[in-house]
Structures are given as structure tokens and as C-alpha cells.
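S.K.: Right, I'll just put the structure down here and ask away after.
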Amino acid sequence: MTSRIRMSHQYGETPPNVFSDFDWIRLHEKELLEKYGECSIIVYKEQVLGVGATYDEAVQDAEHNLPSDSGEITPVHQWLYQRQPLQRIHVRLKTDAKDS
């Protein structure tokens with residue numbers, strides 16, 4: 001069976017859904033993390049088609065979830081993970097000041 005999911009593109013080619021899908025993922029990142037946890041997701045036209053612990057599992061899940069009459073699609077892949085807040089680190093410099 002030939003995959004209907006095309007994850008790679010020719011140099012300089014950008015499918016029309018790519019930017020809006022990445023924007024949608026960023027806007028809904030918190031809800032996606034709550035629903036799916038840390039994982040790989042495949043998104044097409046602002047819909048999660050597949051999820052998995054690995055990229056390959058997510059693509060396979062997306063292929064399974066596509067309607068049988070779907071043609072080739074060009075989804076995006078994103079790894080969802082909990083972002084750690086930046087911590088401020090204060091470095092104390094030791095100085096060996098010798099009195100002369």
C-alpha cells in the first residue's frame with residue numbers, strides 16, 4: 001500500500017497548509033499537551049491526524065485515521081513536550097584577595 005502522507009518536499013516548495021498548521025499547533029500547544037501528553041503529532045489543516053511515541057508511530061496512526069477516499073496530503077510534524085521555564089543562574093565569583 002502506498003502512503004498518502006507526504007512529509008517531505010522539494011527544496012523551495014512549501015505546501016499551503018504548513019504555516020497555518022504550525023501556527024495552530026503553537027496556539028493550541030497547552031491543550032494538545034493536556035490531551036496527548038509528550039509525543040509526536042501529525043497535523044493537517046488544523047486537525048490532529050496521528051499521535052505516537054515516535055515520528056514513525058505518529059505517521060502510521062495518521063495513515064490509519066485518513067478516510068479511504070483521501071488523496072495525498074502534506075501534513076506537518078511536531079514533537080510536543082513540556083517546556084521548562086528559564087531559570088536565572090547567579091554565579092558567585094570567588095576571589096582570592098591577598099593583602100600585601
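In the C-alpha cells, chains take letters A, B, ... by order of appearance, with residues numbered from 1 within each chain and ligands from 1 in the order shown.
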Using only C-alpha atoms, determine which residues lie at most 12 Å from His9 of chain A, disregarding the query and same-chain residues fewer than 4 positions distant; provide the list as a list in words.

M.R.: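 The neighbour list is Ile5, Glu13, Thr14, Pro15, Val18, Ile73, Thr74, Pro75 and Val76 of chain A.
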
S.K.: Quick one: residues within 8 Å of Glu63 of chain A, only C-alpha atoms, excluding same-chain residues fewer than 2 positions away - as a ChimeraX atom specification?

M.R.: /A:3-5,49-50,59-61,65-66

S.K.: Would you give me, as a ChimeraX atom specification, the residues in chain A that DSSP reads as helix (DSSP H, G or I)?

M.R.: /A:18-27,29-36,55-65

S.K.: Those same residues, written as a tab-separated table (two decimals), in the first residue's frame with C-alpha atoms?

M.R.:
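Written output follows (selection20.tsv):
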chain	number	residue	atom	x	y	z
A	18	VAL	CA	2.28	24.39	6.52
A	19	PHE	CA	2.40	27.86	8.11
A	20	SER	CA	-1.19	27.85	9.33
A	21	ASP	CA	-0.77	24.35	10.80
A	22	PHE	CA	2.38	25.31	12.72
A	23	ASP	CA	0.64	28.48	13.96
A	24	TRP	CA	-2.34	26.39	15.07
A	25	ILE	CA	-0.08	23.96	16.95
A	26	ARG	CA	1.65	26.83	18.76
A	27	LEU	CA	-1.68	28.47	19.70
A	29	GLU	CA	0.04	23.71	22.46
A	30	LYS	CA	-1.23	23.70	26.05
A	31	GLU	CA	-4.47	21.88	25.17
A	32	LEU	CA	-2.63	19.43	22.92
A	33	LEU	CA	-0.20	18.60	25.73
A	34	GLU	CA	-3.09	18.08	28.16
A	35	LYS	CA	-4.88	15.78	25.71
A	36	TYR	CA	-1.97	13.79	24.23
A	55	TYR	CA	7.62	10.00	14.47
A	56	ASP	CA	7.03	6.68	12.67
A	57	GLU	CA	4.21	5.71	15.04
A	58	ALA	CA	2.53	9.10	14.55
A	59	VAL	CA	2.72	8.83	10.74
A	60	GLN	CA	1.35	5.28	10.87
A	61	ASP	CA	-1.51	6.44	13.13
A	62	ALA	CA	-2.27	9.33	10.77
A	63	GLU	CA	-2.34	6.97	7.78
A	64	HIS	CA	-4.75	4.71	9.68
A	65	ASN	CA	-7.03	7.67	10.54

S.K.: Which one of A:His28, A:Arg83, A:His77, A:Arg6 sits closest to Ser40 of chain A if you count only C-alpha atoms?

M.R.: A:His77

S.K.: Kindly give the distance, in Å, that separates atom CA of Trp79 of chain A and atom CA of Gly12 of chain A, rounded to a single decimal.

M.R.: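 Result for atom CA of Trp79 of chain A versus atom CA of Gly12 of chain A: 23.2 Å, one decimal.
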
S.K.: Atom CA of Met7 of chain A and atom CA of Asp69 of chain A are how many Å apart?

M.R.: 19.0 Å

S.K.: DSSP on the backbone: what in chain A comes out strand (DSSP E or B), as a ChimeraX atom specification?

M.R.: /A:5,39-44,47-52,73,76-80

S.K.: With C-alpha atoms retained, export the selected residues as an mmCIF file, in the first residue's frame.

M.R.:
data_model
loop_
_atom_site.group_PDB
_atom_site.id
_atom_site.type_symbol
_atom_site.label_atom_id
_atom_site.label_comp_id
_atom_site.auth_asym_id
_atom_site.auth_seq_id
_atom_site.Cartn_x
_atom_site.Cartn_y
_atom_site.Cartn_z
ATOM 1 C CA ILE A 5 1.023 11.134 3.544
ATOM 2 C CA CYS A 39 4.515 12.782 21.909
ATOM 3 C CA SER A 40 4.864 13.260 18.156
ATOM 4 C CA ILE A 41 1.799 14.639 16.404
ATOM 5 C CA ILE A 42 0.858 14.864 12.746
ATOM 6 C CA VAL A 43 -1.381 17.832 11.890
ATOM 7 C CA TYR A 44 -3.134 18.669 8.628
ATOM 8 C CA GLN A 47 -6.580 18.780 12.777
ATOM 9 C CA VAL A 48 -4.513 16.188 14.616
ATOM 10 C CA LEU A 49 -4.438 13.144 12.354
ATOM 11 C CA GLY A 50 -1.950 10.996 14.230
ATOM 12 C CA VAL A 51 -0.100 10.689 17.506
ATOM 13 C CA GLY A 52 2.630 8.384 18.682
ATOM 14 C CA ILE A 73 -1.856 15.141 1.881
ATOM 15 C CA VAL A 76 3.281 18.792 9.438
ATOM 16 C CA HIS A 77 5.029 17.011 12.288
ATOM 17 C CA GLN A 78 5.662 18.440 15.732
ATOM 18 C CA TRP A 79 7.137 16.954 18.905
ATOM 19 C CA LEU A 80 5.018 18.064 21.873
#

S.K.: Kindly give the distance, in Å, that separates atom CA of Ser70 of chain A and atom CA of Ala53 of chain A, rounded to a single decimal.

M.R.: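 Calculated distance between atom CA of Ser70 of chain A and atom CA of Ala53 of chain A is 24.7 Å.
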